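Written out below as structure tokens is the structure these notes cover.
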Amino acid sequence: MSSDASASLPQPPEHYETFVRLFVHHEGRLRGFLRTLVRDWDDVDEVMQETSLVAWRKFSQFDPDTNFMAWAAAIARFEALKHLRKQSRDRLVFNDDILDLLAEESLEEVDSLERHRSALGKCLEKLDSRQKELLQLAYQPGVKFHEVAAQAGKSAQAFYKTIQRMRAALLQCAEKQMQAEAAT
Amino acid sequence: MATFGNSDGGNGGGGGCNPGKLPEASRLIGEWLSGSITPADFDLLQTMLQDCSEVRRMLREEVNLEQVLRENASVTADLKAWNPEGLPDHEGEGEAAAIPFPDQGTKARAKKYWISWAAAASMAVLLSAGTFLWGGRHALSKDLVQEETNRGCAILTHVVNAEWLDDDNSRRTGDTVNSGMLKLACGFAQVEFFSGATLLMEGDAELEIVSPWEAICHSGKVRVRVPPPARGFLLHAPGMKLVDLGTEFGVQVNPEDLSSEVHVFEGEVEAHPTNQDLISLKQGMGLYKEGNKVAPLPGVRPDDFMGMERLDAITATRAKARYDAWATWKKDMCGDERLVVYFPFERQGKWQRMIGNGCNPCNPDRNGGVVGARWTQGRWPMKDALEFKRPGDRVRLRIDGEYEALTLTCWVKVDGLDRKFNALLLTDGYDAGEPHWQITQDGKLMFSIAYPDEEHPEVKRNQVHLSPVVFNRSNIGRWHQLAVTYDNCSGEVIQFVDGKEVSREVSPLYQPGRKIVYGACELGNWGLPLQDHQFPVRNLNGCMDEFAIYQIALAGDELKKIYEASKPE
């Protein structure tokens with residue numbers, strides 16, 4: 001009934017270590033990848049949970065000489081589609097053609113997106129503590145941005161604009177950072 | 001190649017996009033990410049994405065940025081809420097205070113709106129729009145906020161060796177303190193007021209808390225440290241009011257003759273003796289008051305008053321002693337042949353995603369694998385624990401064999417009961433003989449074993465045992481030892497919290513002699529929810545320190561001993 005035969009196969013512990021190491025290493029990237037495919041970050045959490053389980057069950061089929069990110073992303077993409085089907089698809093989800101393009105290009109750009117992430121991390125560090133606190137407020141887990149902003153009435157605009165300005169500045173900073181790193 | 005902007009005539013050529021449209025694309029992406037995009041704009045965004053690789057690249061970068069911001073925010077999300085009302089409008093001093101997560105009956109969602117007071121204060125400065133947040137928060141978690149804002153004044157940040165004489169003898173580090181009396185018979189307690197003032201009381205002492213800005217010392221010794229934001233903090237001693245101008249000072253009140261001494265160690269204090277002129281006391285000055293007599297002290301005696309640093313050192317020494325005692329006990333305990341698996345949760349240098357089965361001799365097949373969960377501090381500063389926060393966090397393990405009885409024990413610090421069921425140990429799926437151990441959203445311990453009726457699978461035949469409510473807002477956020485015992489001969493399930501029995505019963509569905517099995521299972525999550533289950537997401541929000549499974553049902557007095565040997569304080 002509920003038990004899944006493949007899940008019960010005993011795997012050698014080294015096997016599991018390898019899996020966990022790879023999975024944790026790519027988790028951030030997979031989450032970003034999934035966010036382009038589903039409606040919001042709550043969905044990302046749910047799909048990630050499924051993805052991790054399916055990936056573990058199928059891990060014996062993974063060829064260690066190939067790209068784990070590509071392999072896991074294929075699973076994540078499939079799980080995301082299942083998820084969308086279950087939800088009978090939300091209006092905030094892009095059509096299949098765009099999803100295909102985004103998924104394909106995300107995988108091509110895995111490395112540069114990773115450099116981008118690390119550049120963003122460095123830029124975040126440069127913010128002053130007030131700015132950091134503001135971002136912390138807007139992006140804390142479980143809070144939907146528009147819900148926070150919606151409480152603001154008139155100042156929601158100000159809130160939103162401030163956040164957008166900071167985002168733009170961070171993206172610009174990351175770009176410079178990446179150029180500087182490429183130059184050295 | 002397709003071009004962006006086709007729909008309105010397009011610029012065709014070169015496979016590029018119309019650069020003039022990029023700012024608009026950026027706006028649309030922002031609105032899509034925040035969930036505020038209109039259907040028409042969403043269609044427009046889709047067209048742009050379809051036609052223009054540059055817009056897709058922008059989208060990926062924006063998503064990347066958002067992912068980084070969210071990761072970053074979730075790291076600091078443990079800053080607990082501060083009480084914003086009744087405080088002047090200035091920025092707070094660093095430390096955030098712990099107010100536990102949602103009460104029973106409050107929607108789990110409400111907790112998401114508990115935000116750091118400091119963050120909110122700076123937000124107000126930044127936007128000059130500080131009010132909306134409080135408005136929003138109140139609207140979203142009314143009852144809870146109402147109660148706290150009216151009464152919370154301070155946090156107990158250090159409680160060492162303390163015995164309390166007043167009603168609540170169970171005060172511990174991390175508790176919020178409301179206005180009212182604190183009677184400390186012995187030991188030390190450090191009280192951090194929401195204003196930023198810190199007060200250290202040394203038993204035997206009586207302190208009355210009036211507000212985040214005011215307290216009365218009725219007897220005993222206290223030492224007060226007031227950082228600049230808390231200037232103006234008021235401490236009363238018999239017949240005297242002391243206004244702190246940003247400083248550190250000690251007060252000693254003798255309850256027999258109501259005489260008092262003030263010692264200023266640093267900065268300046270204004271002393272206002274009743275019916276007499278103000279006396280300004282500078283660093284190194286002291287004052288003695290008895291009845292109407294006021295006299296200067298020949299010198300101050302800082303060493304007579306316990307200092308924060310000394311208390312830190314004492315706390316650290318005590319924690320180390322407790323930890324060492326536990327580590328010694330553990331050496332014997334892990335050789336117990338009745339253990340099936342034992343996780344002391346000690347991080348192994350080489351490969352920290354694996355948690356070792358600490359049984360001696362060790363069966364490495366029963367090592368666990370950490371997924372998602374992060375290492376954090378356990379019961380003592382030198383002890384590790386695993387923190388479970390996100391829906392994916394879990395520890396995988398696999399236990400072979402069939403058993404006739406069990407004892408499950410663990411040390412857990414629950415930070416919130418977010419789910420209908422919050423996992424401690426769950427087997428993948430829920431097949432015959434598999435135990436499930438979890439905490440319900442309303443704070444009860446729930447132990448159950450599945451024995452489906454093979455002829456009528458639709459009829460639920462699981463032995464389910466619920467304890468009375470054991471988790472509420474007063475004990476959430478603290479370390480507790482949980483345990484449950486079951487044996488298939490008597491059918492009795494006994495549940496324990498901190499070594500004390502909280503429930504005992506035999507299920508009406510119990511049939512003697514049915515085996516217990518585990519197979520693949522997880523700590524802190526549910527690995528393989530049943531198909532179409534109504535509540536498949538069961539991740540724990542909290543930390544786990546020690547976990548053990550025995551193959552017999554341990555007796556109550558033995559569990560009590562285990563509790564005593566491993567309790568944090």
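Labels for the structure tokens follow display order: chains A, B, ..., residues from 1 in each chain, ligands from 1.
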Which of stretch 479-540 of chain B end up as strand (DSSP E) when DSSP is run on this backbone - answer as a PyMOL selection string? chain B and resi 479-487+492-497+500-506+516-523
Restrict the selected residues to N, CA and C atoms and save them as a compact mmCIF listing (two decimals), in the first residue's frame.
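Result file follows (part.txt):
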# COMPACT_ATOMS: atom_id res chain seq x y z
N TRP B 479 14.23 23.60 26.48
CA TRP B 479 14.57 22.20 26.29
C TRP B 479 13.69 21.32 27.17
N HIS B 480 13.11 20.30 26.58
CA HIS B 480 12.33 19.32 27.34
C HIS B 480 12.73 17.92 26.92
N GLN B 481 12.64 17.02 27.88
CA GLN B 481 12.86 15.63 27.52
C GLN B 481 11.49 14.96 27.35
N LEU B 482 11.28 14.34 26.19
CA LEU B 482 10.04 13.63 25.93
C LEU B 482 10.35 12.14 25.88
N ALA B 483 9.41 11.33 26.34
CA ALA B 483 9.61 9.89 26.25
C ALA B 483 8.26 9.20 26.14
N VAL B 484 8.29 8.03 25.52
CA VAL B 484 7.09 7.19 25.47
C VAL B 484 7.53 5.73 25.55
N THR B 485 6.74 4.93 26.26
CA THR B 485 7.04 3.50 26.31
C THR B 485 5.81 2.72 25.86
N TYR B 486 6.06 1.56 25.25
CA TYR B 486 4.96 0.70 24.81
C TYR B 486 5.47 -0.73 24.80
N ASP B 487 4.66 -1.67 25.27
CA ASP B 487 5.03 -3.06 25.00
C ASP B 487 3.81 -3.84 24.56
N GLU B 492 0.21 -1.28 27.16
CA GLU B 492 0.15 0.01 27.82
C GLU B 492 1.10 1.01 27.17
N VAL B 493 0.58 2.20 26.90
CA VAL B 493 1.41 3.30 26.39
C VAL B 493 1.52 4.34 27.49
N ILE B 494 2.76 4.66 27.90
CA ILE B 494 2.96 5.67 28.93
C ILE B 494 3.81 6.79 28.33
N GLN B 495 3.37 7.99 28.50
CA GLN B 495 4.11 9.14 27.95
C GLN B 495 4.68 9.97 29.10
N PHE B 496 5.85 10.54 28.83
CA PHE B 496 6.58 11.28 29.86
C PHE B 496 7.06 12.63 29.32
N VAL B 497 7.06 13.62 30.19
CA VAL B 497 7.70 14.90 29.89
C VAL B 497 8.62 15.23 31.06
N LYS B 500 8.56 12.99 34.06
CA LYS B 500 7.30 12.80 34.78
C LYS B 500 6.25 12.20 33.85
N GLU B 501 5.51 11.22 34.37
CA GLU B 501 4.46 10.58 33.58
C GLU B 501 3.34 11.59 33.33
N VAL B 502 2.89 11.67 32.06
CA VAL B 502 1.77 12.58 31.77
C VAL B 502 0.54 11.84 31.27
N SER B 503 0.71 10.59 30.82
CA SER B 503 -0.49 9.84 30.43
C SER B 503 -0.17 8.35 30.40
N ARG B 504 -1.19 7.54 30.60
CA ARG B 504 -1.01 6.10 30.62
C ARG B 504 -2.34 5.49 30.17
N GLU B 505 -2.29 4.66 29.13
CA GLU B 505 -3.55 4.03 28.70
C GLU B 505 -3.28 2.83 27.79
N VAL B 506 -4.31 2.00 27.65
CA VAL B 506 -4.28 0.89 26.70
C VAL B 506 -5.34 1.19 25.65
N ILE B 516 6.34 -4.84 16.45
CA ILE B 516 6.66 -3.44 16.15
C ILE B 516 7.81 -3.44 15.14
N VAL B 517 7.69 -2.66 14.09
CA VAL B 517 8.78 -2.54 13.11
C VAL B 517 9.00 -1.06 12.78
N TYR B 518 10.20 -0.74 12.28
CA TYR B 518 10.49 0.65 11.91
C TYR B 518 10.79 0.77 10.42
N GLY B 519 11.82 0.08 9.94
CA GLY B 519 12.24 0.23 8.55
C GLY B 519 12.82 1.62 8.31
N ALA B 520 12.53 2.18 7.12
CA ALA B 520 13.02 3.52 6.81
C ALA B 520 12.18 4.52 7.59
N CYS B 521 12.83 5.45 8.27
CA CYS B 521 12.07 6.43 9.04
C CYS B 521 12.85 7.74 9.15
N GLU B 522 12.22 8.71 9.76
CA GLU B 522 12.80 10.05 9.82
C GLU B 522 12.57 10.70 11.16
N LEU B 523 13.54 11.50 11.57
CA LEU B 523 13.35 12.39 12.71
C LEU B 523 12.94 13.76 12.15
Fewer than 4 positions away in the same chain doesn't count, so skip those; otherwise give me all residues within 9 Å of A:Thr51, counting only C-alpha atoms, as a list in words.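 Selected residues are Glu46, Val47, Ala55, Trp56, Ala72, Ala73, Ile75, Ala76, Arg77, Phe78, Glu79 and Ala80 of chain A.
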Output the selection as a compact mmCIF listing (two decimals), in the first residue's frame - C-alpha atoms for each residue.
# COMPACT_ATOMS: atom_id res chain seq x y z
CA GLU A 46 6.72 21.94 -1.34
CA VAL A 47 8.23 20.98 -4.66
CA ALA A 55 16.04 12.30 -6.27
CA TRP A 56 17.10 10.09 -3.38
CA ALA A 72 18.20 17.08 -10.25
CA ALA A 73 16.75 19.98 -12.21
CA ILE A 75 13.43 15.88 -11.57
CA ALA A 76 12.55 19.25 -10.07
CA ARG A 77 10.99 20.34 -13.33
CA PHE A 78 8.87 17.21 -13.47
CA GLU A 79 7.82 17.60 -9.85
CA ALA A 80 6.96 21.24 -10.47
Can you pull out the residues contacting A:Ser52? Cut-off 12 Å, using only C-alpha atoms, and skip same-chain residues under 2 positions away; I want them as an MDAnalysis selection string. (chainID A and resid 19:20 22:24 26:27 30:31 44:50 54:59 71:73 75:76 79) or (chainID B and resid 371:372 391:394 396 527:528)
Identify which of the residues B:Ala555, B:Ile29, B:Val159, B:Val262 lies closest to chain A, counting only C-alpha atoms when measuring atom-to-atom distances. B:Ile29
Check the smallest atom-to-atom distance from each of B:Phe194, B:Trp526, B:Tyr430, B:Phe233 to chain A using only C-alpha atoms, then report the winner.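 Ranked by minimum distance to chain A, first place goes to B:Tyr430.
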Counting only C-alpha atoms, what is within 10 Å of A:Leu99, bar same-chain residues fewer than 3 positions away, as a list in words?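 The contact residues come out as Thr36, Leu37, Val38, Arg77, Leu81, Val93, Phe94, Asn95, Asp96, Leu102, Ala103, Glu104 and Glu105 of chain A; Leu49 and Gln50 of chain B.
Minimum distance to B:Trp375 across B:Cys489, B:Val464, B:Asp545, B:Gln283 (counting only C-alpha atoms) occurs at B:Asp545.
Residues in contact with B:Val63 at 10 Å, where only C-alpha atoms are counted and same-chain residues fewer than 4 positions away are skipped, are listed as Arg31, Gly32, Phe33, Leu34, Arg35 and Thr36 of chain A; Ile29, Gly30, Leu33, Arg57, Met58, Leu59, Gln67, Val68 and Leu69 of chain B.
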Given only C-alpha atoms as the basis, pick out the residue of A:Glu133, A:Glu181, A:Glu109, A:Glu175 nearest to chain B. A:Glu133
Report the distance between atom CA of B:Glu71 and atom CA of B:Arg374 in Å, rounded to one decimal place.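 If I compute the distance from atom CA of B:Glu71 to atom CA of B:Arg374, I get 13.3 Å.
When only C-alpha atoms are used to measure the gap to A:Leu127, the shortest distance among A:Arg165, A:Leu170, A:His83, A:Ser106 belongs to A:Leu170.
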Hey, can you check how far atom CA of B:Gln438 sits from atom CA of B:Phe343?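 Distance between the two atoms: 17.8 Å.
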Using only C-alpha atoms, the best pick from B:Ala73, B:Leu278, B:Ala197, B:Val226 as closest to chain A would be B:Ala73
note - atom CA of B:Pro229 and atom CA of B:Met308 are separated by 18.9 Å
